Structures are given as C-alpha cells and as structure tokens.
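Asks: What follows is the file model29.cif, containing mmCIF, C-alpha atoms:
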data_work
#
loop_
_atom_site.label_atom_id
_atom_site.label_comp_id
_atom_site.auth_asym_id
_atom_site.auth_seq_id
_atom_site.Cartn_x
_atom_site.Cartn_y
_atom_site.Cartn_z
CA MET A 1 0.00 0.00 0.00
CA LEU A 2 2.87 2.34 0.89
CA GLN A 3 4.49 1.55 -2.45
CA ALA A 4 1.27 2.45 -4.28
CA HIS A 5 1.12 5.80 -2.51
CA ARG A 6 4.74 6.49 -3.41
CA GLU A 7 3.86 5.76 -7.05
CA LEU A 8 0.88 8.09 -6.87
CA ASP A 9 3.05 10.79 -5.33
CA ALA A 10 5.62 10.40 -8.10
CA PHE A 11 2.89 10.55 -10.74
CA LEU A 12 1.35 13.72 -9.29
CA ALA A 13 4.81 15.29 -9.01
CA SER A 14 5.36 14.59 -12.70
CA VAL A 15 2.15 16.32 -13.84
CA GLU A 16 1.46 18.98 -11.23
CA LYS A 17 3.30 21.93 -12.77
CA ARG A 18 1.86 21.46 -16.26
CA ALA A 19 -1.58 20.94 -14.78
CA PHE A 20 -1.23 24.15 -12.79
CA ARG A 21 -0.10 26.10 -15.84
CA THR A 22 -2.94 24.66 -17.94
CA ALA A 23 -5.44 25.83 -15.32
CA GLU A 24 -3.70 29.17 -14.93
CA ILE A 25 -3.81 29.85 -18.66
CA ALA A 26 -7.49 28.86 -18.77
CA THR A 27 -8.55 30.97 -15.78
CA GLY A 28 -6.01 33.79 -16.00
CA ASN A 29 -5.78 33.59 -12.22
CA LYS A 30 -3.24 31.87 -9.99
CA ASP A 31 -5.53 31.21 -7.01
CA ASP A 32 -8.29 29.74 -9.15
CA ALA A 33 -5.68 27.58 -10.89
CA LEU A 34 -4.48 26.26 -7.52
CA ASP A 35 -8.08 25.50 -6.51
CA ILE A 36 -8.65 23.57 -9.73
CA LEU A 37 -5.40 21.68 -9.29
CA GLN A 38 -6.37 20.80 -5.72
CA ASP A 39 -9.81 19.53 -6.77
CA ALA A 40 -8.30 17.39 -9.53
CA MET A 41 -5.57 15.92 -7.32
CA PHE A 42 -7.96 15.19 -4.45
CA LYS A 43 -10.45 13.49 -6.75
CA LEU A 44 -7.77 11.30 -8.29
CA ALA A 45 -6.33 10.42 -4.87
CA GLU A 46 -9.68 9.65 -3.27
CA LYS A 47 -11.45 7.84 -6.09
CA TYR A 48 -8.76 6.33 -8.28
CA HIS A 49 -5.67 5.77 -6.09
CA ASP A 50 -6.21 2.00 -6.30
CA HIS A 51 -6.41 1.97 -10.11
CA ASP A 52 -3.52 0.88 -12.31
CA ALA A 53 -0.81 3.53 -12.57
CA GLU A 54 -1.18 3.60 -16.38
CA GLU A 55 -4.76 4.81 -15.97
CA TRP A 56 -3.83 7.80 -13.82
CA GLY A 57 -2.61 9.98 -16.71
CA PRO A 58 -5.83 9.94 -18.79
CA LEU A 59 -7.98 10.02 -15.64
CA PHE A 60 -6.17 13.04 -14.22
CA THR A 61 -6.33 14.91 -17.54
CA THR A 62 -10.06 14.22 -17.83
CA ILE A 63 -10.70 15.38 -14.25
CA LEU A 64 -8.60 18.50 -14.72
CA GLN A 65 -10.35 19.46 -17.98
CA SER A 66 -13.71 18.80 -16.36
CA ARG A 67 -12.83 21.08 -13.42
CA ILE A 68 -11.72 23.82 -15.82
CA ARG A 69 -15.04 23.55 -17.69
CA ASP A 70 -16.90 23.78 -14.37
CA TRP A 71 -14.93 26.91 -13.51
CA TYR A 72 -15.90 28.47 -16.85
CA ARG A 73 -19.57 27.69 -16.30
CA ARG A 74 -19.55 29.13 -12.78
CA ASN A 75 -17.66 32.18 -13.97
CA ALA A 76 -20.12 32.75 -16.81
CA VAL A 77 -23.05 32.72 -14.37
CA ARG A 78 -21.17 34.97 -11.94
CA ASN A 79 -20.38 37.45 -14.72
CA LYS A 80 -24.04 37.53 -15.76
CA PHE A 81 -25.10 38.46 -12.24
CA ARG A 82 -22.38 41.09 -12.08
CA SER A 83 -23.50 42.64 -15.34
CA TRP A 84 -27.08 42.83 -14.00
CA PHE A 85 -26.30 44.37 -10.64
CA SER A 86 -23.13 46.39 -11.06
CA SER A 87 -22.46 49.82 -12.51
CA LYS A 88 -20.41 50.60 -15.60
CA ASP A 89 -17.41 51.51 -13.49
CA GLU A 90 -17.50 48.19 -11.72
CA ASP A 91 -17.77 46.43 -15.04
CA GLN A 92 -14.64 48.22 -16.16
CA ASN A 93 -12.87 47.01 -13.02
CA ASP A 94 -14.06 43.48 -13.70
CA ASN A 95 -12.67 43.62 -17.20
CA ASP A 96 -9.36 44.79 -15.83
CA HIS A 97 -9.50 41.96 -13.31
CA LYS A 98 -9.97 39.35 -16.03
CA ASP A 99 -7.02 40.52 -18.12
CA PRO A 100 -4.08 38.26 -17.24
CA LEU A 101 -1.61 40.88 -18.44
CA GLN A 102 -3.02 43.37 -15.94
CA GLN A 103 -2.96 40.75 -13.23
CA ALA A 104 0.52 39.39 -13.93
CA GLU A 105 2.43 39.29 -10.65
CA ASP A 106 6.14 39.39 -10.23
CA ASP A 107 7.10 37.45 -7.15
CA LYS A 108 10.41 36.27 -8.59
CA ALA A 109 12.11 39.60 -7.82
CA ARG A 110 13.58 39.97 -11.28
CA THR A 111 14.94 43.14 -12.79
CA PRO A 112 12.76 45.05 -15.25
CA GLU A 113 15.07 44.03 -18.09
CA GLN A 114 14.82 40.36 -17.19
CA LEU A 115 11.09 40.68 -16.84
CA LEU A 116 10.87 42.27 -20.22
CA GLN A 117 12.89 39.53 -21.88
CA ALA A 118 11.77 36.40 -20.08
CA GLY A 119 8.28 37.33 -19.00
CA ARG A 120 6.96 39.11 -22.05
CA ARG A 121 7.08 36.05 -24.24
CA ILE A 122 5.27 33.86 -21.71
CA ASP A 123 2.76 36.58 -20.86
CA GLU A 124 2.11 37.16 -24.53
CA LEU A 125 1.53 33.45 -25.08
CA ASP A 126 -0.67 33.12 -21.96
CA SER A 127 -2.75 36.03 -23.10
CA ALA A 128 -3.14 34.66 -26.62
CA ILE A 129 -4.16 31.17 -25.47
CA HIS A 130 -6.38 32.55 -22.71
CA ALA A 131 -8.27 34.60 -25.31
CA LEU A 132 -9.19 31.45 -27.25
CA PRO A 133 -12.56 29.78 -26.59
CA LEU A 134 -12.16 27.09 -23.92
CA ARG A 135 -12.60 24.14 -26.28
CA GLN A 136 -9.89 25.50 -28.58
CA GLN A 137 -7.57 26.02 -25.61
CA GLN A 138 -8.12 22.48 -24.43
CA ALA A 139 -7.68 20.90 -27.86
CA PHE A 140 -4.54 22.93 -28.55
CA LEU A 141 -2.80 22.35 -25.20
CA LEU A 142 -3.62 18.65 -25.06
CA ARG A 143 -2.39 18.08 -28.61
CA ILE A 144 0.67 20.35 -28.57
CA TRP A 145 1.85 20.30 -25.00
CA GLU A 146 0.68 16.98 -23.61
CA GLY A 147 1.32 15.20 -26.92
CA TYR A 148 -2.09 13.52 -26.89
CA SER A 149 -3.45 11.91 -30.04
CA VAL A 150 -6.72 13.15 -31.55
CA GLU A 151 -8.56 10.21 -29.97
CA GLU A 152 -7.00 10.71 -26.53
CA THR A 153 -7.81 14.42 -26.69
CA ALA A 154 -11.40 13.64 -27.67
CA SER A 155 -11.69 11.27 -24.72
CA ALA A 156 -10.34 13.86 -22.27
CA MET A 157 -12.59 16.59 -23.71
CA LYS A 158 -15.59 14.25 -23.95
CA CYS A 159 -16.27 15.16 -27.57
CA SER A 160 -15.78 13.62 -31.01
CA ALA A 161 -12.45 13.34 -32.85
CA GLY A 162 -13.89 15.59 -35.59
CA SER A 163 -14.59 18.32 -33.03
CA VAL A 164 -11.04 18.07 -31.72
CA LYS A 165 -9.63 18.55 -35.23
CA THR A 166 -11.85 21.57 -35.80
CA HIS A 167 -11.03 23.19 -32.44
CA TYR A 168 -7.32 22.52 -32.88
CA SER A 169 -7.21 23.93 -36.41
CA ARG A 170 -9.04 27.10 -35.38
CA ALA A 171 -6.76 27.50 -32.36
CA VAL A 172 -3.60 27.28 -34.48
CA HIS A 173 -4.90 29.85 -36.95
CA ALA A 174 -6.03 32.21 -34.21
CA LEU A 175 -2.68 31.96 -32.41
CA ARG A 176 -0.79 32.58 -35.63
CA GLU A 177 -2.76 35.79 -36.10
CA LYS A 178 -2.37 36.92 -32.49
CA LEU A 179 1.29 36.16 -31.95
CA ASP A 180 3.78 38.33 -33.78
CA GLN A 181 6.55 37.33 -36.17
CA HIS A 182 8.95 36.23 -33.39
CA TRP A 183 6.88 33.11 -33.05
CA MET B 1 -0.20 28.43 -43.21
CA THR B 2 2.19 25.73 -44.44
CA LYS B 3 2.81 22.56 -42.47
CA HIS B 4 6.38 23.74 -41.85
CA ASN B 5 5.18 27.04 -40.42
CA GLU B 6 2.64 25.30 -38.25
CA ASP B 7 5.23 22.87 -36.91
CA GLU B 8 7.61 25.73 -36.18
CA LEU B 9 4.91 27.73 -34.39
CA ASN B 10 3.91 24.70 -32.34
CA ALA B 11 7.51 23.92 -31.42
CA ASN B 12 8.07 27.51 -30.29
CA ILE B 13 4.89 27.52 -28.26
CA ARG B 14 5.77 24.17 -26.65
CA GLN B 15 9.20 25.52 -25.72
CA ALA B 16 7.71 28.67 -24.22
CA LEU B 17 5.21 26.63 -22.21
CA ASP B 18 8.00 24.40 -20.88
CA GLU B 19 9.98 27.50 -19.94
CA SER B 20 6.97 28.88 -18.12
CA VAL B 21 6.82 25.70 -16.02
CA ASP B 22 10.51 25.96 -15.18
CA ALA B 23 10.03 29.61 -14.27
CA LEU B 24 7.33 29.02 -11.66
CA ASP B 25 8.13 30.96 -8.52
CA ALA B 26 9.01 29.35 -5.17
CA SER B 27 5.77 30.39 -3.50
CA THR B 28 3.61 28.72 -6.16
CA LEU B 29 5.78 25.60 -6.17
CA SER B 30 5.46 25.36 -2.40
CA LYS B 31 1.65 25.60 -2.62
CA ILE B 32 1.56 22.94 -5.34
CA ARG B 33 3.68 20.61 -3.19
CA GLN B 34 1.35 21.17 -0.23
CA ILE B 35 -1.65 20.27 -2.37
CA ARG B 36 0.09 17.08 -3.52
CA ALA B 37 0.95 16.11 0.07
CA GLN B 38 -2.69 16.63 1.11
CA ALA B 39 -3.87 14.53 -1.84
CA ILE B 40 -1.59 11.65 -0.84
CA GLU B 41 -2.84 11.97 2.73
CA LYS B 42 -6.41 11.61 1.44
CA ALA B 43 -5.45 8.49 -0.50
CA GLU B 44 -3.89 7.02 2.66
CA VAL B 45 -6.95 7.84 4.76
CA ARG B 46 -9.14 6.18 2.13
CA SER B 47 -6.96 3.07 2.25
CA VAL B 48 -7.08 2.95 6.04
CA HIS B 49 -10.88 3.32 5.96
CA TRP B 50 -11.13 0.56 3.39
CA GLN B 51 -8.88 -1.72 5.46
CA GLY B 52 -10.90 -0.81 8.55
CA TYR B 53 -14.17 -1.76 6.85
CA LEU B 54 -12.60 -5.04 5.69
CA LEU B 55 -11.30 -5.91 9.15
CA GLY B 56 -14.57 -4.89 10.76
CA GLY B 57 -16.50 -7.08 8.32
CA LEU B 58 -14.20 -10.03 8.96
CA ALA B 59 -14.47 -9.62 12.72
CA THR B 60 -18.27 -9.47 12.51
CA ALA B 61 -18.35 -12.58 10.33
CA CYS B 62 -16.06 -14.46 12.77
CA VAL B 63 -18.21 -13.49 15.75
CA MET B 64 -21.36 -14.64 13.95
CA VAL B 65 -19.79 -17.98 12.95
CA LEU B 66 -18.59 -18.49 16.53
CA ALA B 67 -22.03 -17.66 17.90
CA VAL B 68 -23.71 -20.17 15.58
CA VAL B 69 -21.17 -22.89 16.48
CA LEU B 70 -21.62 -22.28 20.21
CA LEU B 71 -25.38 -22.26 19.88
CA LEU B 72 -25.40 -25.58 18.04
CA ASN B 73 -23.08 -27.22 20.58
CA SER B 74 -24.76 -25.71 23.60
CA PRO B 75 -26.16 -28.23 26.18
CA THR B 76 -29.37 -26.24 26.22
CA SER B 77 -29.74 -26.69 22.53
CA MET B 78 -32.96 -28.43 21.44
CA GLN B 79 -30.95 -31.21 19.78
CA SER B 80 -29.34 -32.22 23.08
CA VAL B 81 -32.64 -32.46 25.04
CA PRO B 82 -33.50 -36.13 25.71
CA VAL B 83 -36.74 -37.35 24.16
CA ASP B 84 -38.30 -38.05 27.61
CA ASP B 85 -37.58 -34.53 28.76
CA LEU B 86 -38.96 -33.15 25.52
CA GLU B 87 -42.17 -35.02 26.19
CA LEU B 88 -42.22 -33.53 29.67
CA ILE B 89 -41.77 -30.00 28.42
CA SER B 90 -44.33 -30.29 25.67
CA SER B 91 -46.93 -31.98 27.90
CA SER B 92 -49.91 -29.98 28.98
CA ASP B 93 -50.37 -32.13 32.12
CA ASN B 94 -49.81 -30.82 35.57
CA LEU B 95 -46.12 -30.59 36.40
CA GLU B 96 -46.81 -31.78 39.94
CA LEU B 97 -47.87 -35.12 38.52
CA PHE B 98 -44.47 -35.59 36.99
CA GLU B 99 -42.68 -34.36 40.10
CA ASP B 100 -44.46 -37.05 42.17
CA LEU B 101 -44.33 -39.66 39.47
CA GLU B 102 -42.25 -42.09 41.52
CA PHE B 103 -44.76 -41.89 44.38
CA TYR B 104 -47.67 -42.64 42.07
CA GLU B 105 -45.73 -45.58 40.55
CA TRP B 106 -45.07 -46.98 44.08
CA LEU B 107 -48.70 -46.44 44.96
CA GLU B 108 -49.82 -48.37 41.90
CA GLU B 109 -47.46 -51.26 42.65
CA ASP B 110 -48.57 -51.57 46.28
CA GLY B 111 -52.20 -51.01 45.54
CA LEU B 112 -54.46 -48.27 46.73
CA PRO B 113 -55.46 -48.33 50.41
CA SER B 114 -58.98 -49.44 50.82
#
Now, as a test, write the supplied structure out as structure tokens.
Replies:
Amino acid sequence: MLQAHRELDAFLASVEKRAFRTAEIATGNKDDALDILQDAMFKLAEKYHDHDAEEWGPLFTTILQSRIRDWYRRNAVRNKFRSWFSSKDEDQNDNDHKDPLQQAEDDKARTPEQLLQAGRRIDELDSAIHALPLRQQQAFLLRIWEGYSVEETASAMKCSAGSVKTHYSRAVHALREKLDQHW
Amino acid sequence: MTKHNEDELNANIRQALDESVDALDASTLSKIRQIRAQAIEKAEVRSVHWQGYLLGGLATACVMVLAVVLLLNSPTSMQSVPVDDLELISSSDNLELFEDLEFYEWLEEDGLPS
C-alpha cells in the first residue's frame, strides 16, 4: 500500500506543474488555478488511487479538464449576475481583473530588463491562449503540450475526434494571427 | 499556413510553455507541493478506511460464525434435550404429577389403600 502511494506521489509530481499552468492559462488567475489543481488531485487520490498507474494519466487529464469547464460555467453565471447588478465603473474594473496581463504578478524579484525579456514572451503566449474559446484552448494544449493523439484528446474533452480537429485547427490559426513574427 | 510554419509555431509555443513551467516561482511551487501532500494523505486515509471496513466485516463474520457454532453445541440446545424430557416440556399435564411420578408408581405397585 505504501508503495502504491509512493507511485501516486511520483505521478502527481510529474504532472502537477503542467496541470497548474494549464489551469492558470485557462482561468487567468493563480488562485483559481491552484483551486482547480487541488480539486483534480484530491479526486484522483480519493477515487482512483487504487487503479492501475497507467490509468492515472488519462484520468487526471479528464478530471482537470472537467474542473476547468466547471470553472468556466460558474464564472459565466457569476459574470451575468455582475452585469445585471453592477455599474459601468465596476464592469470596467471586472474587465481589468480578467485581463491576465493586468494581473501578472512578479514574485520572482527579477529586474525590469529580465522581466521584459523572459516574462513578455510567456505573458504574450498566456494572453493569446487565454483569449481562445475554452474548447480551442483544451484541444490545442492537449495536442501540442501533452502530446495527446486526436482520440486521446477527444476522450479527455468528452467530444468527437472531428470536433477536436476543428477546435485545434481554429486555435492554431487564431494563435498565428495573435502572436507576432517572433513566433 | 504551411505545415512547416505550423510545426515551427507549435515547437516555439511548446518551448515557451516548458519554460513557463521551469520559471514558476518558489511560492507557487510550495503551494503545489502542499496540495500534492494533502492529496496523498487523502489516498492514505481512504486506504485505512477501506482496510478498517474489511477488518470490521471479517471480525463481525467471525463473531457470527462463533455464535452459531456455540449455539449448536450448547447443552441447552434443542438437539441435546432427551426425548423423555422433551415429552415432559411439551406436555400440557400438571407438572406436579411428573414431580411425584415415583410416588404414584409406588402407589400403583402396592395397591391403593382401601
């Protein structure tokens, strides 16, 4: 049993940073990304810790993507209520709040020059991917970053392989338009 | 967009994403590690609960088997009651008759006093 938990720990250690970044790009918010990561890890640990280790990867990806979709749904409802009850000024503040570039924190204590060089590229990419519709984000990141096949991506996104191809293609074209020539 | 351009764009994006993971700050990494430790703790608690349920079930089953065995081998069990005694218990006659049975048998042998 102890060995199984060590294996689970090693598995989570191998996926945690990417999972966090995937959630952070999707939400544009570090705290929400940590919450999503926590939900996904807890669910895997509680419900699937006794499954075969080979199953953990697809299961974790599916749980994580599901949690991100839930966050989008909740956020959409929350934004609707805000738009009904808040003034124009508050709406402006909300829009500022949602912009990841405005919210980008620097807790690495880097110099402005270093920030400009190292951070701008990542911030630019985060912003471009974050601006994509969720399904395009998911299809793109799973295919490009996680190296999933079309079928594996479809399984994680709970949609058809044809939809994955469409979302992925649109995402690539949108990113090409958004990102400048350095990419 | 040509396939070459698309592959180049994807490779650049993949590299930037990998760099962003490597560039995560210490505070975020610490929080992520805490979450992982809590998740493993939850898995362990689940396992302990599961083992507890299993042991509890086994213990209950053992107690029940033991109880049945003891009941069947008990001297007060219905199977161990002699047939004569069973007749006595099930009889609707007065118990006093059976208590003084020997006296009545003696009386019958010696004849009733006239």
Asks: Could you list, as a list in words, every residue matched by the PyMOL selection byres ((chain A and resi 6) around 12) in this structure?
Replies: Met1, Leu2, Gln3, Ala4, His5, Glu7, Leu8, Asp9, Ala10, Phe11, Leu12, Ala13, Ala45, His49 and Ala53 of chain A; Arg36, Ala37, Ala39, Ile40, Glu41, Ala43 and Glu44 of chain B
Asks: Using the chain letters and numbering of this document, enumerate as an NGL selection string the residues selected by the PyMOL selection byres ((chain A) within 7 of (chain B)).
Replies: :A and (5 or 9 or 12 or 17-18 or 21 or 38 or 41-42 or 45-46 or 49 or 107-108 or 122 or 144-145 or 183)
Asks: Enter the distance from CA of Glu151 in chain A to CA of Arg135 in chain A, in Å, rounded to one decimal.
Replies: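 Calculated distance between CA of Glu151 in chain A and CA of Arg135 in chain A is 15.0 Å.
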Asks: Let me have the centre and edge lengths of the axis-aligned box enclosing all listed atoms of range 56-67 of chain A with 3 Å padding on every side, in Å to one decimal, as JSON.
Replies:
{"center_x": -8.2, "center_y": 14.4, "center_z": -16.1, "size_x": 17.1, "size_y": 19.3, "size_z": 11.4}
Asks: Quick check on the file I pasted: which residues fall under the PyMOL selection byres ((chain A and resi 59-65) around 7)? Write them as a ChimeraX atom specification.
Replies: /A:40,44,55-58,66-69,156-157
Asks: Rounded to one decimal in Å, what is the spacing between CA of His173 in chain A and CA of Asn75 in chain A?
Replies: 26.4 Å
Asks: CA of Thr153 in chain A to CA of Gln138 in chain A: how many Å, to one decimal?
Replies: 8.4 Å
